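To be precise, the following lines are query.txt, and they hold compact mmCIF, C-alpha atoms.
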# COMPACT_ATOMS: atom_id res chain seq x y z
CA MET A 266 -6.52 13.78 6.19
CA ILE A 267 -5.71 14.61 2.55
CA ALA A 268 -2.28 16.00 1.57
CA GLU A 269 -1.97 16.82 -2.14
CA ASP A 270 -0.51 19.96 -3.75
CA SER A 271 -2.74 19.79 -6.85
CA VAL A 272 -5.90 21.61 -5.85
CA LEU A 273 -8.08 19.81 -8.39
CA LEU A 274 -6.90 16.37 -7.36
CA ARG A 275 -7.21 17.25 -3.68
CA ILE A 276 -10.81 18.37 -4.18
CA GLY A 277 -11.53 15.16 -6.07
CA LEU A 278 -9.99 13.00 -3.34
CA VAL A 279 -12.01 14.78 -0.66
CA LYS A 280 -15.26 14.17 -2.53
CA VAL A 281 -14.44 10.53 -3.23
CA VAL A 282 -13.60 9.64 0.36
CA GLU A 283 -16.52 11.61 1.78
CA MET A 284 -18.91 9.78 -0.56
CA ALA A 285 -17.46 6.53 0.83
CA GLY A 286 -18.36 7.57 4.38
CA PHE A 287 -15.05 9.01 5.59
CA GLU A 288 -14.88 12.35 7.39
CA VAL A 289 -12.08 14.59 6.12
CA ALA A 290 -10.61 16.29 9.19
CA ALA A 291 -8.17 18.51 7.28
CA GLU A 292 -6.44 19.17 3.96
CA ALA A 293 -2.89 20.26 3.16
CA GLY A 294 -0.92 21.27 0.09
CA GLU A 295 2.57 20.78 1.51
CA ALA A 296 4.39 18.53 3.98
CA GLN A 297 4.68 20.92 6.92
CA GLY A 298 0.98 21.65 6.77
CA LEU A 299 0.33 17.91 6.73
CA LEU A 300 2.40 17.30 9.86
CA ALA A 301 0.76 20.20 11.68
CA ALA A 302 -2.72 18.94 10.77
CA VAL A 303 -1.93 15.38 11.88
CA ALA A 304 -0.61 16.69 15.20
CA GLU A 305 -3.82 18.67 15.70
CA HIS A 306 -6.46 16.23 14.45
CA ARG A 307 -4.84 12.80 14.90
CA PRO A 308 -6.71 11.30 11.91
CA ASP A 309 -7.21 7.57 11.44
CA VAL A 310 -5.55 7.70 8.03
CA ALA A 311 -3.66 10.23 5.91
CA VAL A 312 -3.64 10.13 2.10
CA VAL A 313 -0.32 11.68 1.09
CA ASP A 314 1.22 12.68 -2.23
CA VAL A 315 4.81 11.40 -2.56
CA ARG A 316 6.17 14.61 -4.13
CA MET A 317 5.13 17.89 -2.54
CA PRO A 318 6.41 21.49 -2.27
CA PRO A 319 8.93 22.98 -2.03
CA ASP A 320 11.23 20.62 -3.97
CA PHE A 321 8.77 18.02 -5.27
CA THR A 322 11.10 15.11 -4.48
CA ASP A 323 10.36 12.92 -1.45
CA GLU A 324 8.68 15.38 0.94
CA GLY A 325 5.57 13.24 1.22
CA VAL A 326 7.55 10.09 1.99
CA ARG A 327 9.57 11.82 4.71
CA ALA A 328 6.38 13.24 6.19
CA ALA A 329 4.76 9.79 6.09
CA LEU A 330 7.70 8.25 7.93
CA ALA A 331 7.49 11.01 10.55
CA ILE A 332 3.76 10.40 10.98
CA ARG A 333 4.21 6.68 11.50
CA ARG A 334 7.01 7.35 13.97
CA GLU A 335 5.34 10.14 15.96
CA TRP A 336 1.68 9.17 15.63
CA PRO A 337 1.54 5.40 15.01
CA GLY A 338 -2.23 5.46 15.35
CA THR A 339 -2.46 7.28 12.01
CA ALA A 340 -2.21 5.02 8.98
CA VAL A 341 -0.66 6.37 5.77
CA LEU A 342 -1.57 5.77 2.13
CA LEU A 343 1.00 7.24 -0.29
CA LEU A 344 0.00 8.26 -3.80
CA SER A 345 2.56 8.53 -6.60
CA GLN A 346 2.45 9.48 -10.29
CA TYR A 347 4.96 6.76 -11.18
CA VAL A 348 6.26 3.49 -9.71
CA GLU A 349 9.04 4.52 -7.33
CA GLU A 350 9.90 1.27 -5.65
CA ARG A 351 12.37 2.72 -3.16
CA TYR A 352 9.69 4.93 -1.62
CA ALA A 353 7.47 1.93 -1.01
CA ALA A 354 10.47 0.13 0.47
CA ASP A 355 11.29 3.05 2.80
CA LEU A 356 7.76 3.10 4.22
CA LEU A 357 7.28 -0.65 4.49
CA ALA A 358 10.68 -1.31 6.02
CA ALA A 359 9.87 1.00 8.94
CA ASN A 360 6.35 -0.21 9.77
CA THR A 361 4.31 -3.32 10.53
CA GLY A 362 0.97 -2.31 9.05
CA GLY A 363 -1.28 0.63 8.34
CA VAL A 364 0.66 1.60 5.22
CA GLY A 365 -0.05 1.69 1.50
CA TYR A 366 1.48 2.81 -1.78
CA LEU A 367 -0.70 3.31 -4.85
CA LEU A 368 -0.31 4.97 -8.23
CA LYS A 369 -2.54 8.00 -8.69
CA GLN A 370 -4.22 6.34 -11.66
CA ARG A 371 -5.64 3.84 -9.17
CA VAL A 372 -7.85 6.62 -7.75
CA ALA A 373 -9.82 6.55 -11.01
CA ASP A 374 -11.14 3.14 -9.97
CA VAL A 375 -13.04 4.49 -7.00
CA GLU A 376 -14.14 1.12 -5.64
CA GLU A 377 -10.59 -0.27 -5.71
CA PHE A 378 -9.14 2.90 -4.18
CA ILE A 379 -11.66 2.94 -1.33
CA GLU A 380 -11.07 -0.75 -0.67
CA ALA A 381 -7.33 -0.06 -0.36
CA LEU A 382 -7.97 2.96 1.86
CA ARG A 383 -10.19 0.97 4.21
CA ARG A 384 -7.59 -1.82 4.37
CA VAL A 385 -4.82 0.60 5.30
CA ALA A 386 -7.01 2.45 7.82
CA ALA A 387 -7.75 -0.91 9.48
CA GLY A 388 -4.03 -1.59 9.96
CA GLY A 389 -3.44 -3.59 6.80
CA THR A 390 -1.24 -3.07 3.75
CA ALA A 391 -2.05 -1.97 0.21
CA LEU A 392 0.59 -2.10 -2.53
CA ASP A 393 -0.04 -1.08 -6.12
CA PRO A 394 -0.05 -4.10 -8.48
CA GLN A 395 2.62 -2.44 -10.65
CA VAL A 396 4.98 -2.20 -7.68
CA VAL A 397 4.37 -5.85 -6.84
CA ALA A 398 4.97 -6.82 -10.47
CA GLN A 399 8.38 -5.13 -10.41
CA LEU A 400 9.32 -6.91 -7.21
CA LEU A 401 8.31 -10.28 -8.64
CA VAL A 402 10.38 -9.67 -11.77
CA ARG A 403 13.37 -8.80 -9.60
CA ARG A 404 13.09 -12.21 -7.87
CA ALA A 405 12.25 -14.15 -11.04
CA SER A 406 15.39 -16.32 -11.07
CA ASP A 407 15.18 -17.90 -7.61
CA PRO A 408 12.67 -19.89 -5.51
CA LEU A 409 9.74 -18.23 -7.31
CA GLU A 410 10.45 -20.75 -10.05
CA ARG A 411 9.05 -23.40 -7.73
CA LEU A 412 5.59 -21.83 -7.95
CA THR A 413 2.89 -22.67 -10.45
CA GLY A 414 1.34 -19.92 -12.55
CA ARG A 415 -1.71 -19.78 -10.28
CA GLU A 416 0.46 -19.65 -7.17
CA ARG A 417 2.36 -16.67 -8.61
CA GLU A 418 -0.98 -14.90 -9.17
CA VAL A 419 -1.97 -15.60 -5.57
CA LEU A 420 1.43 -14.43 -4.30
CA ALA A 421 1.10 -11.15 -6.18
CA LEU A 422 -2.34 -10.52 -4.66
CA MET A 423 -1.03 -11.45 -1.20
CA ALA A 424 1.75 -8.87 -1.59
CA GLU A 425 -0.82 -6.23 -2.54
CA GLY A 426 -2.40 -6.84 0.86
CA ARG A 427 -5.57 -8.64 -0.18
CA SER A 428 -7.34 -11.04 2.16
CA ASN A 429 -8.24 -14.61 1.22
CA ALA A 430 -11.75 -13.43 0.36
CA GLY A 431 -10.35 -10.63 -1.78
CA ILE A 432 -8.03 -13.02 -3.62
CA ALA A 433 -10.87 -15.47 -4.18
CA ALA A 434 -13.09 -12.75 -5.64
CA GLN A 435 -10.30 -11.50 -7.90
CA LEU A 436 -9.46 -14.96 -9.27
CA VAL A 437 -13.06 -16.27 -9.19
CA VAL A 438 -12.20 -19.31 -7.08
CA SER A 439 -13.27 -20.52 -3.63
CA GLU A 440 -11.64 -19.30 -0.44
CA SER A 441 -10.67 -22.88 0.38
CA ALA A 442 -8.79 -23.07 -2.93
CA VAL A 443 -7.00 -19.83 -2.07
CA ALA A 444 -6.05 -21.20 1.36
CA LYS A 445 -4.55 -24.31 -0.26
CA HIS A 446 -2.55 -22.18 -2.71
CA ILE A 447 -1.27 -19.98 0.12
CA ASN A 448 -0.19 -22.96 2.23
CA SER A 449 1.69 -24.30 -0.79
CA ILE A 450 3.34 -20.91 -1.42
CA LEU A 451 4.42 -20.53 2.19
CA ALA A 452 5.91 -24.01 2.15
CA LYS A 453 7.72 -23.64 -1.19
CA LEU A 454 9.21 -20.25 -0.27
CA ASP A 455 9.97 -21.21 3.35
CA LEU A 456 7.82 -18.35 4.66
CA PRO A 457 6.42 -18.45 8.21
CA LYS A 458 2.70 -19.00 8.56
CA ALA A 459 0.79 -16.03 10.00
CA ASP A 460 -2.89 -15.56 10.74
CA ALA A 461 -3.09 -11.76 10.53
CA ASP A 462 -3.30 -10.47 6.95
CA HIS A 463 -0.69 -7.72 7.36
CA ARG A 464 1.79 -10.11 9.04
CA ARG A 465 1.39 -12.48 6.10
CA VAL A 466 1.96 -9.58 3.69
CA LEU A 467 5.10 -8.54 5.55
CA ALA A 468 6.48 -12.07 5.27
CA VAL A 469 5.92 -11.99 1.52
CA LEU A 470 7.40 -8.50 1.17
CA HIS A 471 10.43 -9.57 3.17
CA PHE A 472 10.96 -12.41 0.71
CA LEU A 473 10.64 -9.96 -2.18
CA GLY A 474 13.25 -7.70 -0.62
CA VAL A 475 11.00 -4.82 0.51
CA GLY A 476 10.14 -5.39 4.16
CA GLY A 477 12.68 -5.05 6.95
Mind turning the file's structure into structure tokens?
Amino acid sequence: MIAEDSVLLRIGLVKVVEMAGFEVAAEAGEAQGLLAAVAEHRPDVAVVDVRMPPDFTDEGVRAALAIRREWPGTAVLLLSQYVEERYAADLLAANTGGVGYLLKQRVADVEEFIEALRRVAAGGTALDPQVVAQLLVRRASDPLERLTGREREVLALMAEGRSNAGIAAQLVVSESAVAKHINSILAKLDLPKADADHRRVLAVLHFLGVGG
């Protein structure tokens, strides 16, 4: 399900996700149409613009929250033109997985966008690196100071929702090295250990002040 008021961007999104093997059940240009389509088609995942008609404020966010409340089987990936941290917080605070928040510029990197979409559709979490960076800056004067530079890099990638394998590929290190860094981070920040990727992400986001 694609919900985007810009016709050109919506067409582009449809083509990108179809080329990646997804089936687009429906499209919408405004929030009410999105909700009606989700009710009818019950898609696995909805890609939703944050600002949609008629007021272009937070219609997409409110629709996303309604979707996760009414149809929890449908994951939601929000797209935004700018970093709007409170919108990410609203969505993440109300859910335990199957949510994402990316900047629209991230769509230009098709491989990265599709990876995030698959992660969200599978029940995971995908946060834009710029959102994570803002959250880390906000917590810069507390226990984050205990972390090494490499551990901060790993923490940022954890908060984005990446798996151990994904972190290892990004940093060009072994998965065992990533696991050691994560164990150290969890210990230094007094975070609970969790096996499931999205539960681990939620623990990190809670520490950063986003998750509920």
Which one of A:Leu454, A:Ala290, A:Ala311, A:Leu400 sits closest to A:Val364 if you count only C-alpha atoms? A:Ala311
Using all atoms listed in the file, collect all residues at a distance of at most 12 Å from (4.0, -1.3, -7.0) as written in the file, then present them as a ChimeraX atom specification. /A:343-354,357,365-369,371,391-402,421-422,424-426,470,473,475
Any idea what's packed within 7 Å of A:Asn429, counting all atoms listed in the file, ignoring anything in its chain fewer than 4 positions away? Could you give it as a PyMOL selection string? chain A and resi 433+440+443-444
Determine, counting only C-alpha atoms, which protein, DNA and RNA residues have an atom within 9 Å of an atom of stretch 292-300 of chain A; residues of the same chain fewer than 2 positions away are not included. Present the result as a list of chain:residue names. A:Met266, A:Ile267, A:Ala268, A:Glu269, A:Asp270, A:Ser271, A:Val272, A:Arg275, A:Val279, A:Val289, A:Ala290, A:Ala302, A:Val303, A:Ala304, A:Glu305, A:Ala311, A:Val313, A:Met317, A:Pro318, A:Pro319, A:Glu324, A:Gly325, A:Arg327, A:Ala328, A:Ala329, A:Ala331, A:Ile332
Pick from A:Leu412, A:Phe287, A:Asp314, A:Ser428: nearest to A:Ala386, with all atoms listed in the file counted?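 Of A:Leu412, A:Phe287, A:Asp314, A:Ser428, the one nearest A:Ala386 is A:Phe287, counting all atoms listed in the file.
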Mind giving me the straight-line distance from atom CA of A:Ile447 to atom CA of A:Val385 in Å, one decimal?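 Those two atoms sit 21.5 Å apart.
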Counting only C-alpha atoms, which of A:Thr390, A:Thr413, A:Gln370, A:Asn448 gets nearest to A:Arg427?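 Checking each of A:Thr390, A:Thr413, A:Gln370, A:Asn448 against A:Arg427, counting only C-alpha atoms, the winner is A:Thr390.
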Nearest to A:Lys280, restricted to all atoms listed in the file and choosing among A:Gly414, A:Ile379, A:Pro337, A:Asp355, comes out as A:Ile379
Given only C-alpha atoms as the basis, pick out the residue of A:Leu382, A:Leu420, A:Leu451, A:Val466 nearest to A:Val341.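 So, comparing all the options, the nearest one is A:Leu382.
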Give the answer as one residue: which of A:Ala430, A:Gly474, A:Gly363, A:Val438 has the shortest atom-to-atom distance to A:Arg383, using only C-alpha atoms? A:Gly363
